[in-house]
file upload_32.json (JSON, C-alpha atoms)
[["chain", "number", "residue", "atom", "x", "y", "z"],
["A", 24, "MET", "CA", -181.38, 105.83, -116.87],
["A", 25, "SER", "CA", -179.95, 106.39, -113.41],
["A", 26, "VAL", "CA", -177.31, 104.07, -112.01],
["A", 27, "ARG", "CA", -178.52, 102.12, -108.98],
["A", 28, "LEU", "CA", -175.75, 101.41, -106.48],
["A", 29, "LEU", "CA", -175.98, 98.05, -104.74],
["A", 30, "MET", "CA", -174.21, 96.77, -101.64],
["A", 31, "ALA", "CA", -173.48, 93.15, -100.81],
["A", 32, "ALA", "CA", -175.32, 92.08, -97.65],
["A", 33, "ARG", "CA", -175.84, 88.87, -95.72],
["A", 34, "LEU", "CA", -178.98, 87.67, -93.97],
["A", 35, "LYS", "CA", -177.99, 87.80, -90.30],
["A", 36, "ALA", "CA", -181.26, 87.13, -88.47],
["A", 37, "GLU", "CA", -184.97, 86.55, -88.93],
["A", 38, "SER", "CA", -188.17, 86.74, -86.90],
["A", 39, "TRP", "CA", -191.87, 86.21, -87.53],
["A", 40, "PRO", "CA", -194.02, 89.12, -86.28],
["A", 41, "ALA", "CA", -197.00, 87.34, -87.89],
["A", 42, "SER", "CA", -197.54, 83.88, -89.36],
["A", 43, "ASP", "CA", -197.16, 85.20, -92.93],
["A", 44, "VAL", "CA", -194.68, 88.01, -92.26],
["A", 45, "ARG", "CA", -190.95, 87.34, -92.12],
["A", 46, "GLU", "CA", -188.70, 90.06, -90.74],
["A", 47, "LEU", "CA", -185.19, 90.00, -92.23],
["A", 48, "THR", "CA", -182.10, 91.59, -90.72],
["A", 49, "PHE", "CA", -179.13, 92.13, -93.04],
["A", 50, "GLU", "CA", -175.54, 93.06, -92.26],
["A", 51, "PRO", "CA", -173.08, 94.58, -94.74],
["A", 52, "VAL", "CA", -170.38, 92.31, -96.20],
["A", 53, "HIS", "CA", -167.70, 94.75, -97.38],
["A", 54, "ARG", "CA", -168.25, 97.68, -95.00],
["A", 55, "THR", "CA", -168.65, 98.21, -91.28],
["A", 56, "GLU", "CA", -172.07, 99.84, -91.55],
["A", 57, "PHE", "CA", -174.77, 100.73, -94.04],
["A", 58, "PRO", "CA", -175.36, 104.31, -95.30],
["A", 59, "PRO", "CA", -177.58, 106.49, -93.10],
["A", 60, "PHE", "CA", -181.28, 106.77, -93.86],
["A", 61, "ILE", "CA", -184.23, 108.96, -92.93],
["A", 62, "PRO", "CA", -187.50, 107.63, -91.44],
["A", 63, "GLY", "CA", -189.74, 106.75, -94.37],
["A", 64, "ASP", "CA", -186.91, 105.57, -96.66],
["A", 65, "HIS", "CA", -186.94, 102.20, -98.38],
["A", 66, "VAL", "CA", -184.39, 100.01, -100.13],
["A", 67, "GLN", "CA", -184.40, 97.69, -103.08],
["A", 68, "LEU", "CA", -183.49, 94.10, -102.26],
["A", 69, "GLN", "CA", -181.99, 92.00, -105.05],
["A", 70, "HIS", "CA", -181.85, 88.21, -104.88],
["A", 71, "GLN", "CA", -178.88, 86.42, -106.44],
["A", 72, "ASN", "CA", -181.17, 85.30, -109.28],
["A", 73, "GLY", "CA", -181.78, 88.95, -110.20],
["A", 74, "THR", "CA", -185.28, 89.37, -108.72],
["A", 75, "THR", "CA", -185.69, 92.77, -107.08],
["A", 76, "ARG", "CA", -188.33, 94.21, -104.77],
["A", 77, "ASP", "CA", -188.63, 97.39, -102.70],
["A", 78, "TYR", "CA", -189.18, 97.31, -98.93],
["A", 79, "SER", "CA", -189.52, 99.94, -96.20],
["A", 80, "LEU", "CA", -186.70, 100.21, -93.68],
["A", 81, "ILE", "CA", -188.09, 99.56, -90.21],
["A", 82, "GLY", "CA", -184.98, 99.66, -88.04],
["A", 83, "SER", "CA", -183.56, 102.49, -85.98],
["A", 84, "THR", "CA", -181.79, 105.26, -87.87],
["A", 85, "ASN", "CA", -179.21, 105.27, -85.07],
["A", 86, "ASP", "CA", -178.05, 101.69, -85.69],
["A", 87, "LEU", "CA", -176.50, 101.30, -89.14],
["A", 88, "SER", "CA", -174.82, 97.97, -88.39],
["A", 89, "THR", "CA", -177.89, 96.32, -89.92],
["A", 90, "TYR", "CA", -180.88, 97.06, -92.15],
["A", 91, "ARG", "CA", -184.28, 95.55, -91.25],
["A", 92, "ILE", "CA", -187.22, 94.92, -93.55],
["A", 93, "ALA", "CA", -190.33, 92.72, -93.44],
["A", 94, "VAL", "CA", -191.84, 90.58, -96.20],
["A", 95, "ARG", "CA", -195.42, 89.37, -96.27],
["A", 96, "ARG", "CA", -195.95, 86.16, -98.25],
["A", 97, "GLU", "CA", -198.25, 86.75, -101.24],
["A", 98, "SER", "CA", -198.80, 83.33, -102.81],
["A", 99, "ASP", "CA", -200.75, 84.88, -105.72],
["A", 100, "GLY", "CA", -198.29, 87.73, -106.29],
["A", 101, "ARG", "CA", -195.44, 88.05, -108.78],
["A", 102, "GLY", "CA", -193.18, 85.67, -106.86],
["A", 103, "GLY", "CA", -190.89, 88.08, -105.06],
["A", 104, "SER", "CA", -192.38, 87.62, -101.60],
["A", 105, "VAL", "CA", -192.43, 83.82, -101.96],
["A", 106, "LEU", "CA", -188.78, 83.90, -103.04],
["A", 107, "PHE", "CA", -187.64, 86.02, -100.11],
["A", 108, "GLN", "CA", -189.66, 83.96, -97.64],
["A", 109, "ASP", "CA", -189.00, 80.43, -98.89],
["A", 110, "GLU", "CA", -185.64, 80.55, -100.66],
["A", 111, "LEU", "CA", -183.53, 82.89, -98.57],
["A", 112, "ALA", "CA", -181.70, 81.24, -95.68],
["A", 113, "LEU", "CA", -179.63, 82.65, -92.85],
["A", 114, "GLY", "CA", -176.16, 83.45, -94.12],
["A", 115, "ASP", "CA", -177.25, 83.89, -97.75],
["A", 116, "LEU", "CA", -175.84, 86.76, -99.78],
["A", 117, "VAL", "CA", -178.11, 89.39, -101.35],
["A", 118, "PHE", "CA", -177.66, 92.91, -102.71],
["A", 119, "VAL", "CA", -179.23, 96.01, -101.16],
["A", 120, "SER", "CA", -179.57, 99.44, -102.71],
["A", 121, "TYR", "CA", -178.70, 102.70, -101.04],
["A", 122, "PRO", "CA", -181.76, 104.14, -99.22],
["A", 123, "LYS", "CA", -184.40, 105.64, -101.49],
["A", 124, "GLU", "CA", -186.67, 108.49, -100.45],
["A", 125, "GLY", "CA", -190.20, 107.55, -99.46],
["A", 126, "MET", "CA", -192.85, 109.39, -97.44],
["A", 127, "ARG", "CA", -191.67, 112.22, -95.23],
["A", 128, "ILE", "CA", -193.02, 113.51, -91.94],
["A", 129, "ASP", "CA", -194.69, 116.92, -92.27],
["A", 130, "SER", "CA", -192.70, 118.98, -89.78],
["A", 131, "ALA", "CA", -195.30, 121.75, -89.87],
["A", 132, "ALA", "CA", -198.25, 119.51, -88.90],
["A", 133, "ALA", "CA", -199.80, 119.81, -85.45],
["A", 134, "HIS", "CA", -201.33, 116.32, -85.67],
["A", 135, "HIS", "CA", -200.22, 113.19, -87.53],
["A", 136, "VAL", "CA", -202.67, 110.49, -88.62],
["A", 137, "PHE", "CA", -201.42, 107.20, -90.08],
["A", 138, "VAL", "CA", -203.45, 104.52, -91.85],
["A", 139, "ALA", "CA", -201.83, 101.12, -92.41],
["A", 140, "GLY", "CA", -203.39, 98.20, -94.22],
["A", 141, "GLY", "CA", -201.73, 94.78, -94.08],
["A", 142, "ILE", "CA", -197.98, 94.90, -94.71],
["A", 143, "GLY", "CA", -198.34, 98.65, -95.30],
["A", 144, "VAL", "CA", -197.71, 98.83, -91.56],
["A", 145, "THR", "CA", -193.96, 98.70, -92.31],
["A", 146, "ALA", "CA", -194.09, 102.10, -94.03],
["A", 147, "VAL", "CA", -195.84, 103.52, -90.97],
["A", 148, "LEU", "CA", -193.32, 101.92, -88.60],
["A", 149, "GLY", "CA", -190.52, 103.69, -90.42],
["A", 150, "LEU", "CA", -192.25, 107.07, -90.26],
["A", 151, "LEU", "CA", -193.12, 106.89, -86.57],
["A", 152, "GLY", "CA", -189.44, 107.06, -85.74],
["A", 153, "GLY", "CA", -189.26, 110.48, -87.38],
["A", 154, "LEU", "CA", -192.02, 112.19, -85.41],
["A", 155, "PRO", "CA", -191.00, 115.28, -83.44],
["A", 156, "ARG", "CA", -190.82, 114.62, -79.71],
["A", 157, "GLY", "CA", -194.26, 114.93, -78.14],
["A", 158, "ALA", "CA", -196.09, 115.19, -81.46],
["A", 159, "ALA", "CA", -199.79, 114.28, -81.41],
["A", 160, "SER", "CA", -200.27, 111.13, -83.49],
["A", 161, "GLU", "CA", -202.60, 108.21, -84.09],
["A", 162, "VAL", "CA", -202.36, 104.99, -86.10],
["A", 163, "HIS", "CA", -205.36, 103.31, -87.70],
["A", 164, "TYR", "CA", -204.34, 99.73, -88.46],
["A", 165, "CYS", "CA", -206.66, 97.87, -90.86],
["A", 166, "VAL", "CA", -206.40, 94.09, -90.44],
["A", 167, "ARG", "CA", -208.44, 91.03, -91.31],
["A", 168, "ASN", "CA", -207.90, 89.29, -87.96],
["A", 169, "ARG", "CA", -206.42, 90.83, -84.84],
["A", 170, "VAL", "CA", -204.39, 87.71, -84.03],
["A", 171, "ASP", "CA", -202.63, 87.81, -87.41],
["A", 172, "ALA", "CA", -201.72, 91.51, -87.35],
["A", 173, "ALA", "CA", -197.96, 92.10, -87.36],
["A", 174, "TYR", "CA", -196.25, 94.63, -85.09],
["A", 175, "GLN", "CA", -199.22, 95.40, -82.85],
["A", 176, "ASP", "CA", -196.89, 95.44, -79.83],
["A", 177, "VAL", "CA", -194.46, 97.82, -81.52],
["A", 178, "LEU", "CA", -197.25, 100.20, -82.49],
["A", 179, "GLY", "CA", -198.69, 99.99, -78.98],
["A", 180, "HIS", "CA", -195.40, 101.21, -77.51],
["A", 181, "SER", "CA", -194.74, 103.87, -80.14],
["A", 182, "GLY", "CA", -196.45, 106.68, -78.26],
["A", 183, "ALA", "CA", -199.13, 107.05, -80.93],
["A", 184, "LYS", "CA", -202.78, 106.28, -80.21],
["A", 185, "LEU", "CA", -203.50, 102.88, -81.81],
["A", 186, "VAL", "CA", -206.89, 102.00, -83.30],
["A", 187, "LEU", "CA", -207.39, 98.52, -84.78],
["A", 188, "HIS", "CA", -209.98, 98.06, -87.51],
["A", 189, "GLU", "CA", -210.66, 94.32, -87.65],
["A", 190, "SER", "CA", -212.75, 93.50, -90.73],
["A", 191, "SER", "CA", -213.58, 89.90, -89.68],
["A", 192, "ALA", "CA", -215.27, 91.29, -86.56],
["A", 193, "GLY", "CA", -217.24, 93.92, -88.46],
["A", 194, "GLY", "CA", -214.80, 96.72, -87.70],
["A", 195, "ARG", "CA", -213.75, 97.65, -91.25],
["A", 196, "LEU", "CA", -212.58, 101.25, -91.57],
["A", 197, "ASP", "CA", -215.32, 103.55, -92.93],
["A", 198, "VAL", "CA", -213.06, 105.66, -95.12],
["A", 199, "LEU", "CA", -215.57, 108.42, -95.94],
["A", 200, "THR", "CA", -216.49, 109.01, -92.30],
["A", 201, "PHE", "CA", -212.88, 108.71, -91.20],
["A", 202, "VAL", "CA", -211.71, 111.33, -93.70],
["A", 203, "LYS", "CA", -214.62, 113.63, -92.90],
["A", 204, "ASP", "CA", -213.69, 113.56, -89.20],
["A", 205, "LEU", "CA", -209.97, 114.22, -89.65],
["A", 206, "PRO", "CA", -208.75, 117.17, -87.56],
["A", 207, "ARG", "CA", -208.24, 120.28, -89.70],
["A", 208, "GLU", "CA", -204.65, 120.57, -88.50],
["A", 209, "ALA", "CA", -203.76, 116.93, -89.30],
["A", 210, "THR", "CA", -201.55, 115.50, -92.01],
["A", 211, "LEU", "CA", -202.59, 112.05, -93.24],
["A", 212, "TYR", "CA", -200.14, 109.28, -94.19],
["A", 213, "TYR", "CA", -201.31, 105.95, -95.62],
["A", 214, "CYS", "CA", -200.03, 102.72, -97.13],
["A", 215, "GLY", "CA", -201.86, 99.47, -97.83],
["A", 216, "PRO", "CA", -203.58, 97.31, -100.44],
["A", 217, "PRO", "CA", -204.90, 98.88, -103.68],
["A", 218, "SER", "CA", -208.55, 98.99, -102.57],
["A", 219, "LEU", "CA", -207.71, 100.92, -99.40],
["A", 220, "MET", "CA", -205.30, 103.22, -101.26],
["A", 221, "ALA", "CA", -207.91, 104.02, -103.92],
["A", 222, "ALA", "CA", -210.66, 104.68, -101.37],
["A", 223, "ILE", "CA", -208.53, 107.12, -99.37],
["A", 224, "ALA", "CA", -207.21, 108.83, -102.51],
["A", 225, "ASP", "CA", -210.78, 109.36, -103.73],
["A", 226, "ALA", "CA", -212.01, 110.61, -100.35],
["A", 227, "THR", "CA", -209.16, 113.13, -100.03],
["A", 228, "SER", "CA", -209.14, 114.32, -103.66],
["A", 229, "ASP", "CA", -210.04, 117.89, -102.62],
["A", 230, "PHE", "CA", -207.47, 118.07, -99.80],
["A", 231, "ASP", "CA", -204.36, 120.23, -99.92],
["A", 232, "PRO", "CA", -201.77, 117.79, -101.41],
["A", 233, "ALA", "CA", -199.32, 118.73, -98.66],
["A", 234, "ARG", "CA", -201.71, 117.25, -96.08],
["A", 235, "VAL", "CA", -201.99, 113.82, -97.71],
["A", 236, "ARG", "CA", -198.99, 111.52, -98.21],
["A", 237, "CYS", "CA", -198.98, 107.92, -99.38],
["A", 238, "GLU", "CA", -196.79, 105.09, -100.56],
["A", 239, "SER", "CA", -197.57, 101.81, -102.26],
["A", 240, "PHE", "CA", -195.45, 98.76, -103.08],
["A", 241, "THR", "CA", -198.37, 96.62, -104.22],
["A", 242, "GLY", "CA", -198.79, 98.00, -107.70],
["A", 243, "VAL", "CA", -201.26, 97.43, -110.51],
["A", 244, "THR", "CA", -201.99, 93.75, -111.21],
["A", 245, "THR", "CA", -202.83, 92.13, -114.56],
["A", 246, "GLU", "CA", -203.58, 88.60, -115.68],
["A", 247, "PRO", "CA", -201.23, 86.74, -118.08],
["A", 248, "GLY", "CA", -202.33, 87.33, -121.68],
["A", 249, "GLU", "CA", -204.66, 90.17, -120.68],
["A", 250, "LYS", "CA", -204.95, 93.00, -123.21],
["A", 251, "LEU", "CA", -203.06, 95.92, -121.70],
["A", 252, "GLY", "CA", -203.89, 98.50, -124.36],
["A", 253, "ASP", "CA", -203.46, 99.34, -128.01],
["A", 254, "VAL", "CA", -200.28, 98.58, -129.93],
["A", 255, "PHE", "CA", -197.82, 101.48, -130.06],
["A", 256, "ASP", "CA", -194.26, 102.20, -131.20],
["A", 257, "ALA", "CA", -191.54, 103.56, -128.90],
["A", 258, "TRP", "CA", -188.57, 105.36, -130.46],
["A", 259, "LEU", "CA", -185.53, 104.98, -128.18],
["A", 260, "VAL", "CA", -183.44, 108.07, -128.83],
["A", 261, "LEU", "CA", -180.16, 106.90, -127.28],
["A", 262, "SER", "CA", -180.38, 103.35, -128.64],
["A", 263, "LYS", "CA", -181.52, 104.66, -132.03],
["A", 264, "ARG", "CA", -184.16, 102.02, -132.56],
["A", 265, "VAL", "CA", -187.91, 101.59, -132.68],
["A", 266, "ILE", "CA", -189.61, 98.96, -130.51],
["A", 267, "ARG", "CA", -193.18, 97.90, -131.14],
["A", 268, "VAL", "CA", -195.18, 97.23, -127.97],
["A", 269, "PRO", "CA", -198.02, 94.73, -128.57],
["A", 270, "GLU", "CA", -201.37, 94.89, -126.80],
["A", 271, "ASP", "CA", -200.53, 92.08, -124.34],
["A", 272, "GLU", "CA", -197.05, 93.28, -123.40],
["A", 273, "SER", "CA", -195.85, 96.21, -121.29],
["A", 274, "LEU", "CA", -193.31, 98.72, -122.53],
["A", 275, "LEU", "CA", -190.87, 97.39, -119.92],
["A", 276, "GLN", "CA", -191.29, 93.81, -121.17],
["A", 277, "ALA", "CA", -190.82, 94.92, -124.78],
["A", 278, "VAL", "CA", -187.69, 96.92, -124.00],
["A", 279, "LEU", "CA", -186.13, 94.09, -121.98],
["A", 280, "ARG", "CA", -187.03, 91.62, -124.73],
["A", 281, "GLU", "CA", -184.89, 93.72, -127.08],
["A", 282, "ASN", "CA", -182.00, 93.67, -124.56],
["A", 283, "VAL", "CA", -182.20, 97.35, -123.68],
["A", 284, "PRO", "CA", -181.24, 97.67, -119.96],
["A", 285, "VAL", "CA", -183.84, 99.28, -117.68],
["A", 286, "ASP", "CA", -183.98, 99.21, -113.88],
["A", 287, "TYR", "CA", -187.19, 97.74, -112.48],
["A", 288, "SER", "CA", -188.58, 96.23, -109.30],
["A", 289, "CYS", "CA", -192.31, 96.02, -108.50],
["A", 290, "GLU", "CA", -193.56, 95.71, -112.12],
["A", 291, "GLY", "CA", -196.81, 97.28, -110.95],
["A", 292, "GLY", "CA", -196.28, 101.03, -111.18],
["A", 293, "ALA", "CA", -195.70, 101.47, -107.46],
["A", 294, "CYS", "CA", -191.99, 101.97, -106.87],
["A", 295, "GLY", "CA", -190.77, 104.19, -109.72],
["A", 296, "SER", "CA", -187.66, 102.13, -110.45],
["A", 297, "CYS", "CA", -188.41, 101.74, -114.17],
["A", 298, "VAL", "CA", -189.13, 105.37, -115.09],
["A", 299, "LEU", "CA", -188.01, 106.54, -118.51],
["A", 300, "GLU", "CA", -187.70, 110.14, -119.69],
["A", 301, "VAL", "CA", -190.31, 111.08, -122.27],
["A", 302, "VAL", "CA", -189.02, 113.13, -125.22],
["A", 303, "ASP", "CA", -192.23, 113.28, -127.25],
["A", 304, "GLY", "CA", -195.69, 111.76, -127.47],
["A", 305, "GLU", "CA", -198.84, 111.37, -125.38],
["A", 306, "ILE", "CA", -198.68, 109.02, -122.38],
["A", 307, "ASP", "CA", -201.45, 107.01, -120.75],
["A", 308, "HIS", "CA", -200.17, 107.19, -117.16],
["A", 309, "ARG", "CA", -201.30, 104.26, -114.99],
["A", 310, "ASP", "CA", -198.75, 104.39, -112.16],
["A", 311, "LEU", "CA", -199.30, 104.84, -108.44],
["A", 312, "CYS", "CA", -196.07, 106.69, -107.66],
["A", 313, "LEU", "CA", -195.49, 109.76, -109.86],
["A", 314, "SER", "CA", -196.67, 113.28, -109.15],
["A", 315, "GLU", "CA", -198.48, 115.30, -111.82],
["A", 316, "ASP", "CA", -195.32, 117.36, -112.39],
["A", 317, "GLU", "CA", -193.21, 114.21, -112.79],
["A", 318, "ARG", "CA", -195.69, 112.83, -115.31],
["A", 319, "LYS", "CA", -194.89, 115.76, -117.59],
["A", 320, "GLU", "CA", -191.34, 114.44, -117.98],
["A", 321, "VAL", "CA", -191.23, 110.68, -117.26],
["A", 322, "MET", "CA", -193.34, 107.51, -117.40],
["A", 323, "THR", "CA", -193.30, 104.17, -115.61],
["A", 324, "SER", "CA", -192.48, 101.66, -118.31],
["A", 325, "CYS", "CA", -194.01, 98.71, -116.42],
["A", 326, "VAL", "CA", -197.64, 99.88, -116.58],
["A", 327, "SER", "CA", -197.99, 103.14, -118.52],
["A", 328, "ARG", "CA", -198.38, 103.17, -122.30],
["A", 329, "GLY", "CA", -198.19, 105.45, -125.27],
["A", 330, "ARG", "CA", -201.30, 106.84, -126.89],
["A", 331, "GLY", "CA", -199.78, 106.42, -130.31],
["A", 332, "PRO", "CA", -196.03, 106.68, -131.09],
["A", 333, "ILE", "CA", -193.76, 108.01, -128.35],
["A", 334, "SER", "CA", -190.06, 108.92, -128.05],
["A", 335, "LEU", "CA", -188.01, 108.05, -124.97],
["A", 336, "ARG", "CA", -184.51, 108.80, -123.76],
["A", 337, "ALA", "CA", -183.28, 105.21, -123.52]]
call {"tool": "encode", "arguments": {"input": "upload_32.json", "output": "structure tokens"}}
result
Amino acid sequence: MSVRLLMAARLKAESWPASDVRELTFEPVHRTEFPPFIPGDHVQLQHQNGTTRDYSLIGSTNDLSTYRIAVRRESDGRGGSVLFQDELALGDLVFVSYPKEGMRIDSAAAHHVFVAGGIGVTAVLGLLGGLPRGAASEVHYCVRNRVDAAYQDVLGHSGAKLVLHESSAGGRLDVLTFVKDLPREATLYYCGPPSLMAAIADATSDFDPARVRCESFTGVTTEPGEKLGDVFDAWLVLSKRVIRVPEDESLLQAVLRENVPVDYSCEGGACGSCVLEVVDGEIDHRDLCLSEDERKEVMTSCVSRGRGPISLRA
């Protein structure tokens, strides 16, 4: 398990780019500036009660006196967004991780096409700052209502062509047609809700992987008590113990229940914080973040499961 370095930070300022989106600006407590980051990076934010979530960095890479993120309130989510919107006041102390690598701009692309759905716009905002000067680019922003769409003004002044797809007005993005019409020289970047992510992934399944880049913080959702899969045993090589994972519990939940420390954040297979190295056994991979090569070596303990007994380096 990798060690995650955290820095003490204080909430310095806030703004509301949309009625349900709170932008948070943090300043470091024990240092003059935060570590440098690259457009597309994100950080993990940890509340004093231990709750952690990952968020895209949306500030300028040239100003490290603060880090800026944005949180959309999801009342039916896992509670992280409600916590950071309702129970974090100006001046409060939190902990912020060092920047973590997210999507990267394709420096070889002649054209850049971005698709943002909902709060996925923050991932796009971060990337736009890394475009080569004069690069051809366009942003397709999928929103329910134009008046509630965050950061329209910022996108409008970014230099990229902005196209709004307003579903309430009958303007929902036709993913199949959109993908079919993509310029041959374009690289596609996308981030948004699971339905949009799945539709684009399916439509671009035969694309060169280098031309399609995505990121998701939403994750896989399950209902309390829902059967997650068959019972299986996990042998923890370093801890020298076997943990049984029942059908209604994730591997992560089972491991934490037995007081084995594992980093985690989204609990939905989106961020990769909870990955464990697989020593032996067949894995049912259900994550949204690992590449096929990575899946040969690790698994996300929050959503993926063993197909029978497995061995892990934990």
call {"tool": "closest_atom_pairs", "arguments": {"input": "upload_32.json", "of": "stretch 123-204 of chain A", "to": "stretch 50-71 of chain A", "cutoff": "9 Å", "atoms": "only C-alpha atoms", "output": "JSON lines"}}
result
{"residue": "A:Lys123", "atom": "CA", "partner": "A:His65", "partner_atom": "CA", "distance": 5.3}
{"residue": "A:Glu124", "atom": "CA", "partner": "A:Asp64", "partner_atom": "CA", "distance": 4.8}
{"residue": "A:Gly125", "atom": "CA", "partner": "A:Asp64", "partner_atom": "CA", "distance": 4.8}
{"residue": "A:Met126", "atom": "CA", "partner": "A:Gly63", "partner_atom": "CA", "distance": 5.1}
{"residue": "A:Arg127", "atom": "CA", "partner": "A:Gly63", "partner_atom": "CA", "distance": 5.9}
{"residue": "A:Ile128", "atom": "CA", "partner": "A:Gly63", "partner_atom": "CA", "distance": 7.9}
{"residue": "A:Ala146", "atom": "CA", "partner": "A:Gly63", "partner_atom": "CA", "distance": 6.4}
{"residue": "A:Val147", "atom": "CA", "partner": "A:Gly63", "partner_atom": "CA", "distance": 7.7}
{"residue": "A:Leu148", "atom": "CA", "partner": "A:Gly63", "partner_atom": "CA", "distance": 8.3}
{"residue": "A:Gly149", "atom": "CA", "partner": "A:Gly63", "partner_atom": "CA", "distance": 5.1}
{"residue": "A:Leu150", "atom": "CA", "partner": "A:Gly63", "partner_atom": "CA", "distance": 4.8}
{"residue": "A:Leu151", "atom": "CA", "partner": "A:Pro62", "partner_atom": "CA", "distance": 7.5}
{"residue": "A:Gly152", "atom": "CA", "partner": "A:Pro62", "partner_atom": "CA", "distance": 6.0}
{"residue": "A:Gly153", "atom": "CA", "partner": "A:Pro62", "partner_atom": "CA", "distance": 5.3}
{"residue": "A:Leu154", "atom": "CA", "partner": "A:Pro62", "partner_atom": "CA", "distance": 8.8}
call {"tool": "write_last_selection", "arguments": {"input": "upload_32.json", "atoms": "C-alpha atoms", "output": "PDB file, in the coordinates of the input"}}
result
ATOM      1  CA  LYS A 123    -184.400 105.640-101.490  1.00  0.00           C
ATOM      2  CA  GLU A 124    -186.670 108.490-100.450  1.00  0.00           C
ATOM      3  CA  GLY A 125    -190.200 107.550 -99.460  1.00  0.00           C
ATOM      4  CA  MET A 126    -192.850 109.390 -97.440  1.00  0.00           C
ATOM      5  CA  ARG A 127    -191.670 112.220 -95.230  1.00  0.00           C
ATOM      6  CA  ILE A 128    -193.020 113.510 -91.940  1.00  0.00           C
ATOM      7  CA  ALA A 146    -194.090 102.100 -94.030  1.00  0.00           C
ATOM      8  CA  VAL A 147    -195.840 103.520 -90.970  1.00  0.00           C
ATOM      9  CA  LEU A 148    -193.320 101.920 -88.600  1.00  0.00           C
ATOM     10  CA  GLY A 149    -190.520 103.690 -90.420  1.00  0.00           C
ATOM     11  CA  LEU A 150    -192.250 107.070 -90.260  1.00  0.00           C
ATOM     12  CA  LEU A 151    -193.120 106.890 -86.570  1.00  0.00           C
ATOM     13  CA  GLY A 152    -189.440 107.060 -85.740  1.00  0.00           C
ATOM     14  CA  GLY A 153    -189.260 110.480 -87.380  1.00  0.00           C
ATOM     15  CA  LEU A 154    -192.020 112.190 -85.410  1.00  0.00           C
TER      16      LEU A 154
END
call {"tool": "atom_distance", "arguments": {"input": "upload_32.json", "atom1": "atom CA of A:Asn168", "atom2": "atom CA of A:Gly143"}}
result
15.3 Å
call {"tool": "residues_around", "arguments": {"input": "upload_32.json", "residues": "stretch 250-253 of chain A", "least_positions_apart": "4", "cutoff": "8 Å", "atoms": "all atoms listed in the file", "output": "PyMOL selection string"}}
result
chain A and resi 269-273+328+330
call {"tool": "atom_distance", "arguments": {"input": "upload_32.json", "atom1": "atom CA of A:Arg234", "atom2": "atom CA of A:Cys325"}}
result
28.6 Å
call {"tool": "residues_near_point", "arguments": {"input": "upload_32.json", "point": "(-188.9, 103.5, -119.7)", "cutoff": "6 Å", "atoms": "all atoms listed in the file", "output": "PyMOL selection string"}}
result
chain A and resi 297-299+324
call {"tool": "build_atoms", "arguments": {"input": "upload_32.json", "residues": "stretch 147-156 of chain A", "atoms": "N, CA, C and O atoms", "output": "tab-separated table (two decimals), in the frame of the given file"}}
result
chain	number	residue	atom	x	y	z
A	147	VAL	N	-195.47	102.71	-92.13
A	147	VAL	CA	-195.84	103.52	-90.97
A	147	VAL	C	-194.82	103.36	-89.85
A	147	VAL	O	-194.46	104.34	-89.18
A	148	LEU	N	-194.33	102.14	-89.63
A	148	LEU	CA	-193.32	101.92	-88.60
A	148	LEU	C	-192.09	102.79	-88.84
A	148	LEU	O	-191.52	103.37	-87.91
A	149	GLY	N	-191.68	102.87	-90.10
A	149	GLY	CA	-190.52	103.69	-90.42
A	149	GLY	C	-190.76	105.16	-90.12
A	149	GLY	O	-189.89	105.85	-89.58
A	150	LEU	N	-191.95	105.65	-90.46
A	150	LEU	CA	-192.25	107.07	-90.26
A	150	LEU	C	-192.37	107.45	-88.79
A	150	LEU	O	-192.00	108.56	-88.41
A	151	LEU	N	-192.91	106.56	-87.98
A	151	LEU	CA	-193.12	106.89	-86.57
A	151	LEU	C	-191.83	107.29	-85.88
A	151	LEU	O	-191.83	108.12	-84.95
A	152	GLY	N	-190.73	106.72	-86.34
A	152	GLY	CA	-189.44	107.06	-85.74
A	152	GLY	C	-188.99	108.47	-86.06
A	152	GLY	O	-188.04	108.97	-85.45
A	153	GLY	N	-189.65	109.13	-87.01
A	153	GLY	CA	-189.26	110.48	-87.38
A	153	GLY	C	-190.16	111.56	-86.82
A	153	GLY	O	-189.97	112.74	-87.15
A	154	LEU	N	-191.13	111.19	-85.99
A	154	LEU	CA	-192.02	112.19	-85.41
A	154	LEU	C	-191.28	113.10	-84.43
A	154	LEU	O	-190.43	112.64	-83.67
A	155	PRO	N	-191.59	114.38	-84.45
A	155	PRO	CA	-191.00	115.28	-83.44
A	155	PRO	C	-191.40	114.82	-82.04
A	155	PRO	O	-192.49	114.27	-81.84
A	156	ARG	N	-190.54	115.04	-81.08
A	156	ARG	CA	-190.82	114.62	-79.71
A	156	ARG	C	-192.12	115.26	-79.21
A	156	ARG	O	-192.33	116.47	-79.33
